[in-house]
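One structure is given below, encoded as structure tokens.
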Amino acid sequence: MSLVIIGTVAFDSIETPFASSGRIVGGAATYASLAASYFSEKVKIVAVVGDDFPAEEIEHFHRRGINTEGLQIKKGRKSFFWAGKYRKDLNTRDTLTTDLNVLADFDPLIPESYQDCRQLLLGNLTPSVQKTVIDRLRNRPELIVLDTMNFWMDSAWDDLLEVLTHVDVLTINDEEARQLSGEYSLVKAAREILRLGPDTLVIKKGEHGALLFSGDQVFSAPALPLEEVFDPTGAGDVFAGGFTGYLAKTGDYSFENMKTAVIVGTAMASFCVEQFGTERVKSLSSEAIADRIRRLARLSNFSVADF
Ligand code: AMP
């Protein structure tokens with residue numbers, strides 16, 4: 001039984017107030033599958049790249065036990081390219097370039113060996129492709145998690161609303177939740193978004209943590225206070241990969257367990273922001289991950305004995 005992850009596998013160029021990355025490897029599926037691979041031994045990617053994508057990066061997926069049979073390599077074509085620039089506070093980011101390249105006509109391939117998919121993470125990419133992947137799996141996975149971003153709200157609104165009716169969990173950031181719902185208050189936004197299809201919503205708030213909503217239950221997770229944030233790129237995807245990876249490992253989709261999954265996602269994202277690109281999430285020890293999860297638990301643990 002496997003965890004199938006789709007999304008972009010890409011080149012990025014990132015500018016922060018401290019440094020510029022030049023062209024580095026990124027993409028939603030890259031970040032999410034690396035993060036999930038610390039929890040599930042059966043991560044399988046569906047994505048597309050051009051033949052400009054480095055073979056050693058694909059080798060690294062294999063070293064992490066990630067199956068790339070569903071990663072198509074298009075001869076003579078270029079990989080998806082994204083460039084972004086962070087403002088001084090590192091919370092606000094402007095997209096400078098989105099070159100879809102191979103993503104423009106991506107027809108996702110689902111190898112026969114992926115038909116055992118038990119959990120599906122529809123990472124950030126074209127909403128109609130996210131829907132096609134659901135359609136091409138013979139059995140509906142037990143859990144479908146979807147992540148998206150403002151780019152698709154601006155360019156593929158109807159397709160996004162359609163795929164949302166088929167998923168269990170949506171993970172988006174606060175700005176995207178406001179855009180999707182038309183509500184400024186995140187509580188009102190959550191109420192509106194939960195009417196669109198998903199039973200559960202996670203709103204990621206960067207350095208301010210994350211909110212989990214389901215029915216009338218709410219859980220608030222802090223972010224780990226870090227002395228230095230170097231590059232926030234990919235934190236949202238790493239969160240989604242850690243969150244879904246933990247749910248895949250435990251097979252328990254209760255609200256209680258999703259709370260722990262949010263903490264796991266938060267801990268994984270806290271590593272991601274410490275270095276450029278995928279550098280930090282490429283090689284983590286299970287002890288380092290466990291240590292951050294315990295730190296997060298201590299961070300908001302207090303006594304209510306007097307109340
Ligand atoms: P995050 O910082 O978690 O929002 O994710 C950043 C990653 O998303 C980068 O590595 C980009 O390659 C990728 N990305 C940027 N724009 C898009 C898009 N429109 N669709 C899919 N992936 C994207």
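Starting from 1 in every chain, residues are counted up; chains themselves are A, B, ... following the order of the structure tokens, and ligands are numbered from 1 as listed.
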Report as JSON lines: every residue of chain A with an atom at most 7 Å from ligand 1, its closest pair of atoms, and their distance in Å to one decimal, counting only C-alpha atoms and all ligand atoms, with rows sorted by chain and ascending residue number.
{"residue": "A:Gly7", "atom": "CA", "partner": "ligand 1", "partner_atom_place_in_ligand_line": "21 (C)", "distance": 6.4}
{"residue": "A:Thr8", "atom": "CA", "partner": "ligand 1", "partner_atom_place_in_ligand_line": "22 (N)", "distance": 5.1}
{"residue": "A:Val9", "atom": "CA", "partner": "ligand 1", "partner_atom_place_in_ligand_line": "12 (O)", "distance": 6.9}
{"residue": "A:Ala10", "atom": "CA", "partner": "ligand 1", "partner_atom_place_in_ligand_line": "12 (O)", "distance": 5.2}
{"residue": "A:Phe11", "atom": "CA", "partner": "ligand 1", "partner_atom_place_in_ligand_line": "12 (O)", "distance": 6.1}
{"residue": "A:Asp12", "atom": "CA", "partner": "ligand 1", "partner_atom_place_in_ligand_line": "12 (O)", "distance": 5.3}
{"residue": "A:Gly26", "atom": "CA", "partner": "ligand 1", "partner_atom_place_in_ligand_line": "10 (O)", "distance": 3.8}
{"residue": "A:Gly27", "atom": "CA", "partner": "ligand 1", "partner_atom_place_in_ligand_line": "12 (O)", "distance": 3.5}
{"residue": "A:Ala28", "atom": "CA", "partner": "ligand 1", "partner_atom_place_in_ligand_line": "8 (O)", "distance": 4.7}
{"residue": "A:Phe81", "atom": "CA", "partner": "ligand 1", "partner_atom_place_in_ligand_line": "12 (O)", "distance": 6.4}
{"residue": "A:Trp82", "atom": "CA", "partner": "ligand 1", "partner_atom_place_in_ligand_line": "12 (O)", "distance": 5.2}
{"residue": "A:Thr98", "atom": "CA", "partner": "ligand 1", "partner_atom_place_in_ligand_line": "16 (N)", "distance": 6.4}
{"residue": "A:Asn124", "atom": "CA", "partner": "ligand 1", "partner_atom_place_in_ligand_line": "21 (C)", "distance": 4.5}
{"residue": "A:Leu125", "atom": "CA", "partner": "ligand 1", "partner_atom_place_in_ligand_line": "21 (C)", "distance": 4.0}
{"residue": "A:Thr126", "atom": "CA", "partner": "ligand 1", "partner_atom_place_in_ligand_line": "20 (N)", "distance": 6.6}
{"residue": "A:Met149", "atom": "CA", "partner": "ligand 1", "partner_atom_place_in_ligand_line": "19 (N)", "distance": 6.6}
{"residue": "A:Phe151", "atom": "CA", "partner": "ligand 1", "partner_atom_place_in_ligand_line": "19 (N)", "distance": 5.1}
{"residue": "A:Trp152", "atom": "CA", "partner": "ligand 1", "partner_atom_place_in_ligand_line": "19 (N)", "distance": 6.3}
{"residue": "A:Pro232", "atom": "CA", "partner": "ligand 1", "partner_atom_place_in_ligand_line": "2 (O)", "distance": 6.1}
{"residue": "A:Thr233", "atom": "CA", "partner": "ligand 1", "partner_atom_place_in_ligand_line": "2 (O)", "distance": 3.6}
{"residue": "A:Gly234", "atom": "CA", "partner": "ligand 1", "partner_atom_place_in_ligand_line": "3 (O)", "distance": 3.5}
{"residue": "A:Ala235", "atom": "CA", "partner": "ligand 1", "partner_atom_place_in_ligand_line": "3 (O)", "distance": 4.6}
{"residue": "A:Gly236", "atom": "CA", "partner": "ligand 1", "partner_atom_place_in_ligand_line": "3 (O)", "distance": 3.4}
{"residue": "A:Asp237", "atom": "CA", "partner": "ligand 1", "partner_atom_place_in_ligand_line": "3 (O)", "distance": 4.2}
{"residue": "A:Val238", "atom": "CA", "partner": "ligand 1", "partner_atom_place_in_ligand_line": "3 (O)", "distance": 6.8}
Note to self: What's around Lys131 (chain A) at 10 Å? Count only C-alpha atoms, leave out sequence neighbours fewer than 5 positions away in its own chain, and write the answer as a ChimeraX atom specification.
What the structure shows: /A:122,126,136,159-160,162-167
Output the selection as an mmCIF file, in the first residue's frame - N, CA and C atoms for each residue.
data_model
loop_
_atom_site.group_PDB
_atom_site.id
_atom_site.type_symbol
_atom_site.label_atom_id
_atom_site.label_comp_id
_atom_site.auth_asym_id
_atom_site.auth_seq_id
_atom_site.Cartn_x
_atom_site.Cartn_y
_atom_site.Cartn_z
ATOM 1 N N LEU A 122 -2.175 15.364 -3.516
ATOM 2 C CA LEU A 122 -2.222 16.126 -4.758
ATOM 3 C C LEU A 122 -1.494 17.438 -4.487
ATOM 4 N N THR A 126 -1.353 21.968 -11.752
ATOM 5 C CA THR A 126 -2.589 22.244 -12.480
ATOM 6 C C THR A 126 -3.784 21.474 -11.893
ATOM 7 N N ARG A 136 -7.685 8.394 -12.640
ATOM 8 C CA ARG A 136 -6.916 7.264 -13.181
ATOM 9 C C ARG A 136 -6.563 6.220 -12.135
ATOM 10 N N ASP A 159 -11.657 24.787 -12.469
ATOM 11 C CA ASP A 159 -11.063 23.445 -12.325
ATOM 12 C C ASP A 159 -10.691 23.193 -10.869
ATOM 13 N N LEU A 160 -10.229 24.230 -10.192
ATOM 14 C CA LEU A 160 -9.854 24.080 -8.781
ATOM 15 C C LEU A 160 -11.094 23.764 -7.945
ATOM 16 N N GLU A 162 -13.739 22.347 -8.931
ATOM 17 C CA GLU A 162 -14.191 20.990 -9.274
ATOM 18 C C GLU A 162 -13.373 19.938 -8.503
ATOM 19 N N VAL A 163 -12.038 20.059 -8.520
ATOM 20 C CA VAL A 163 -11.224 19.024 -7.863
ATOM 21 C C VAL A 163 -11.437 19.068 -6.342
ATOM 22 N N LEU A 164 -11.734 20.249 -5.814
ATOM 23 C CA LEU A 164 -11.959 20.353 -4.360
ATOM 24 C C LEU A 164 -13.139 19.507 -3.893
ATOM 25 N N THR A 165 -14.081 19.257 -4.785
ATOM 26 C CA THR A 165 -15.251 18.462 -4.371
ATOM 27 C C THR A 165 -14.884 16.988 -4.184
ATOM 28 N N HIS A 166 -13.659 16.606 -4.575
ATOM 29 C CA HIS A 166 -13.257 15.190 -4.501
ATOM 30 C C HIS A 166 -12.237 14.898 -3.414
ATOM 31 N N VAL A 167 -11.857 15.896 -2.611
ATOM 32 C CA VAL A 167 -10.747 15.661 -1.673
ATOM 33 C C VAL A 167 -11.228 15.687 -0.221
#
Checklist line | Who sits within 12 Å of Leu34 (chain A), only C-alpha atoms, same chain under 2 positions skipped, as a PyMOL selection string | finding: chain A and resi 5+9+26-32+36-45+57-58+60-67+234-235+237-242+244-245+268-269+272+277-284
Next item on the list: Step one, run DSSP on the backbone; step two, keep only residues of region 37-130 of chain A assigned to strand (DSSP E); then write them as a VMD selection string.
Entry: chain A and resid 43 to 50 67 to 74 80 to 86 93 to 99 117 to 122
Margin query: Rounded to one decimal, what separation in Å do you get between CA of Lys205 (chain A) and CA of Pro225 (chain A)?
Written below: 13.1 Å
Next item on the list: Looking only at alpha helix (DSSP H) from DSSP on the backbone, list the matching residues of region 6-237 of chain A as a ChimeraX atom specification.
Entry: /A:28-36,55-63,127-136,150-155,157-164,174-181,186-194,235-237
Checklist line | Non-local contacts of region 170-175 of chain A (8 Å; only C-alpha atoms; under 4 positions in same chain excluded) as number ranges by chain | finding: A: 145-149, 164, 179, 186, 198, 200-206, 236, 240
Residues from the last selection, all heavy atoms, saved as a CSV table (one decimal), in the first residue's frame:
chain,number,residue,atom,x,y,z
A,145,VAL,N,-5.4,14.3,0.0
A,145,VAL,CA,-5.0,15.7,0.5
A,145,VAL,C,-4.6,16.5,-0.7
A,145,VAL,O,-3.9,16.0,-1.6
A,145,VAL,CB,-3.8,15.5,1.5
A,145,VAL,CG1,-3.3,16.9,2.0
A,145,VAL,CG2,-4.1,14.6,2.7
A,146,LEU,N,-5.1,17.8,-0.7
A,146,LEU,CA,-4.8,18.6,-1.8
A,146,LEU,C,-4.1,19.9,-1.3
A,146,LEU,O,-4.5,20.5,-0.3
A,146,LEU,CB,-6.0,19.0,-2.6
A,146,LEU,CG,-5.8,19.8,-3.9
A,146,LEU,CD1,-6.7,19.3,-5.0
A,146,LEU,CD2,-6.1,21.3,-3.7
A,147,ASP,N,-3.1,20.3,-2.1
A,147,ASP,CA,-2.4,21.6,-1.8
A,147,ASP,C,-2.4,22.4,-3.1
A,147,ASP,O,-2.4,21.8,-4.2
A,147,ASP,CB,-0.9,21.3,-1.4
A,147,ASP,CG,-0.3,22.6,-0.8
A,147,ASP,OD1,-0.6,23.0,0.3
A,147,ASP,OD2,0.6,23.1,-1.5
A,148,THR,N,-2.6,23.7,-3.0
A,148,THR,CA,-2.6,24.5,-4.2
A,148,THR,C,-2.1,25.9,-3.9
A,148,THR,O,-1.5,26.1,-2.8
A,148,THR,CB,-4.1,24.6,-4.8
A,148,THR,OG1,-4.0,25.2,-6.0
A,148,THR,CG2,-5.0,25.4,-3.8
A,149,MET,N,-2.1,26.8,-4.8
A,149,MET,CA,-1.6,28.2,-4.5
A,149,MET,C,-2.4,29.2,-5.3
A,149,MET,O,-3.1,28.9,-6.3
A,149,MET,CB,-0.1,28.3,-4.7
A,149,MET,CG,0.4,28.3,-6.1
A,149,MET,SD,2.2,28.3,-6.2
A,149,MET,CE,2.6,30.1,-6.0
A,164,LEU,N,-11.7,20.2,-5.8
A,164,LEU,CA,-12.0,20.4,-4.4
A,164,LEU,C,-13.1,19.5,-3.9
A,164,LEU,O,-13.2,19.1,-2.7
A,164,LEU,CB,-12.2,21.8,-4.0
A,164,LEU,CG,-11.0,22.7,-3.8
A,164,LEU,CD1,-11.3,24.1,-3.4
A,164,LEU,CD2,-10.0,22.1,-2.7
A,179,GLN,N,-8.2,34.4,-0.3
A,179,GLN,CA,-8.6,34.5,-1.8
A,179,GLN,C,-9.7,33.5,-2.1
A,179,GLN,O,-10.6,33.8,-2.9
A,179,GLN,CB,-7.3,34.3,-2.6
A,179,GLN,CG,-7.6,34.5,-4.1
A,179,GLN,CD,-6.4,34.5,-5.0
A,179,GLN,OE1,-5.2,34.5,-4.4
A,179,GLN,NE2,-6.5,34.5,-6.3
A,186,LEU,N,-10.1,34.3,9.3
A,186,LEU,CA,-9.7,32.9,8.9
A,186,LEU,C,-10.8,31.9,9.4
A,186,LEU,O,-11.0,30.8,8.8
A,186,LEU,CB,-8.3,32.5,9.4
A,186,LEU,CG,-7.2,33.3,8.8
A,186,LEU,CD1,-5.8,32.9,9.3
A,186,LEU,CD2,-7.2,33.1,7.2
A,198,PRO,N,-13.8,19.7,0.9
A,198,PRO,CA,-13.0,19.0,1.9
A,198,PRO,C,-13.7,18.9,3.3
A,198,PRO,O,-14.4,19.9,3.7
A,198,PRO,CB,-11.7,19.8,2.0
A,198,PRO,CG,-11.8,20.9,1.0
A,198,PRO,CD,-13.2,20.9,0.4
A,200,THR,N,-11.8,18.6,6.0
A,200,THR,CA,-10.7,19.1,6.9
A,200,THR,C,-9.9,20.1,6.1
A,200,THR,O,-9.6,20.0,5.0
A,200,THR,CB,-9.8,17.9,7.4
A,200,THR,OG1,-10.7,17.0,8.0
A,200,THR,CG2,-8.8,18.4,8.4
A,201,LEU,N,-9.6,21.2,6.9
A,201,LEU,CA,-8.8,22.3,6.3
A,201,LEU,C,-7.6,22.6,7.2
A,201,LEU,O,-7.8,22.7,8.4
A,201,LEU,CB,-9.7,23.5,6.1
A,201,LEU,CG,-9.0,24.8,5.7
A,201,LEU,CD1,-8.4,24.8,4.3
A,201,LEU,CD2,-9.9,26.0,5.9
A,202,VAL,N,-6.4,22.7,6.6
A,202,VAL,CA,-5.3,23.2,7.3
A,202,VAL,C,-4.9,24.6,6.7
A,202,VAL,O,-4.7,24.7,5.5
A,202,VAL,CB,-4.1,22.3,7.2
A,202,VAL,CG1,-2.9,22.8,8.0
A,202,VAL,CG2,-4.4,20.9,7.7
A,203,ILE,N,-4.8,25.6,7.5
A,203,ILE,CA,-4.4,26.9,7.1
A,203,ILE,C,-3.0,27.1,7.6
A,203,ILE,O,-2.8,27.2,8.9
A,203,ILE,CB,-5.3,28.1,7.5
A,203,ILE,CG1,-6.7,27.8,6.9
A,203,ILE,CG2,-4.8,29.4,7.0
A,203,ILE,CD1,-7.7,28.9,7.2
A,204,LYS,N,-2.0,27.2,6.7
A,204,LYS,CA,-0.6,27.4,7.1
A,204,LYS,C,-0.3,28.9,7.3
A,204,LYS,O,-0.7,29.7,6.3
A,204,LYS,CB,0.3,26.8,6.1
A,204,LYS,CG,0.1,25.3,5.9
A,204,LYS,CD,0.8,24.8,4.6
A,204,LYS,CE,0.1,25.1,3.3
A,204,LYS,NZ,0.7,24.5,2.1
A,205,LYS,N,0.3,29.3,8.4
A,205,LYS,CA,0.5,30.8,8.6
A,205,LYS,C,2.0,31.1,8.8
A,205,LYS,O,2.3,32.0,9.5
A,205,LYS,CB,-0.3,31.2,9.8
A,205,LYS,CG,-1.8,31.0,9.7
A,205,LYS,CD,-2.6,31.6,10.9
A,205,LYS,CE,-2.2,30.9,12.1
A,205,LYS,NZ,-2.6,31.6,13.3
A,206,GLY,N,2.8,30.3,8.1
A,206,GLY,CA,4.3,30.6,8.2
A,206,GLY,C,4.8,30.6,9.6
A,206,GLY,O,4.5,29.7,10.4
A,236,GLY,N,5.7,25.1,2.7
A,236,GLY,CA,4.3,24.6,2.6
A,236,GLY,C,4.2,23.2,2.1
A,236,GLY,O,3.4,22.4,2.5
A,240,ALA,N,3.0,19.7,3.9
A,240,ALA,CA,2.0,18.8,3.4
A,240,ALA,C,2.6,17.4,3.3
A,240,ALA,O,1.9,16.4,3.6
A,240,ALA,CB,1.6,19.3,2.0
Item checked: Spatial neighbours of Lys88 (chain A), max dist 10 Å, only C-alpha atoms, sep filter under 5 positions, as a list in words -> Thr16, Pro17, Phe18 and Arg93 of chain A
Note to self: Need the shell around Lys74 (chain A): protein/DNA/RNA residues with any atom at most 9 Å away, counting only C-alpha atoms. Skip same-chain ones fewer than 4 positions apart. Format as a ChimeraX atom specification?
What the structure shows: /A:48-51,78-79,102
Notebook entry, point to check: Between CA of Glu207 (chain A) and CA of Gln275 (chain A), what is the spacing in Å?
Noted result: 15.6 Å
List every residue of region 45-104 of chain A that has an atom at most 12 Å from any atom of region 110-116 of chain A, giving for each one its closest atom pair and the distance in Å to one decimal, counting only C-alpha atoms, sorted by chain and then by ascending residue number, as CSV.
residue,atom,partner,partner_atom,distance
A:Ile45,CA,A:Tyr114,CA,9.1
A:Val46,CA,A:Ile110,CA,7.2
A:Ala47,CA,A:Ile110,CA,9.9
A:Val48,CA,A:Ile110,CA,11.9
A:Asn67,CA,A:Tyr114,CA,9.4
A:Thr68,CA,A:Pro111,CA,9.9
A:Glu69,CA,A:Pro111,CA,6.8
A:Gly70,CA,A:Ile110,CA,6.0
A:Leu71,CA,A:Ile110,CA,9.4
A:Gln72,CA,A:Ile110,CA,10.4
Just to be explicit: take each residue in the selection above, keep N, CA and C atoms, and write the result as a compact mmCIF listing (two decimals), in the first residue's frame.
# COMPACT_ATOMS: atom_id res chain seq x y z
N ILE A 45 6.13 8.95 -6.77
CA ILE A 45 5.91 10.28 -7.38
C ILE A 45 5.24 10.18 -8.75
N VAL A 46 4.32 11.10 -9.01
CA VAL A 46 3.80 11.32 -10.37
C VAL A 46 4.16 12.76 -10.74
N ALA A 47 4.96 12.94 -11.76
CA ALA A 47 5.38 14.30 -12.14
C ALA A 47 5.99 14.25 -13.55
N VAL A 48 6.41 15.43 -14.02
CA VAL A 48 7.05 15.51 -15.33
C VAL A 48 8.21 16.49 -15.27
N ASN A 67 9.84 6.03 -5.17
CA ASN A 67 9.65 5.39 -6.46
C ASN A 67 9.37 6.47 -7.52
N THR A 68 10.12 6.45 -8.62
CA THR A 68 9.94 7.50 -9.65
C THR A 68 9.42 6.92 -10.98
N GLU A 69 8.82 5.74 -10.91
CA GLU A 69 8.29 5.15 -12.15
C GLU A 69 7.28 6.09 -12.84
N GLY A 70 6.58 6.89 -12.05
CA GLY A 70 5.59 7.83 -12.60
C GLY A 70 6.15 9.20 -12.90
N LEU A 71 7.50 9.32 -12.90
CA LEU A 71 8.14 10.61 -13.24
C LEU A 71 8.53 10.56 -14.72
N GLN A 72 7.83 11.32 -15.55
CA GLN A 72 8.13 11.31 -16.99
C GLN A 72 9.25 12.29 -17.29
Check: When you draw a straight line from CA of Ala156 (chain A) to CA of Ile144 (chain A), how long is it in Å?
Finding: 19.9 Å
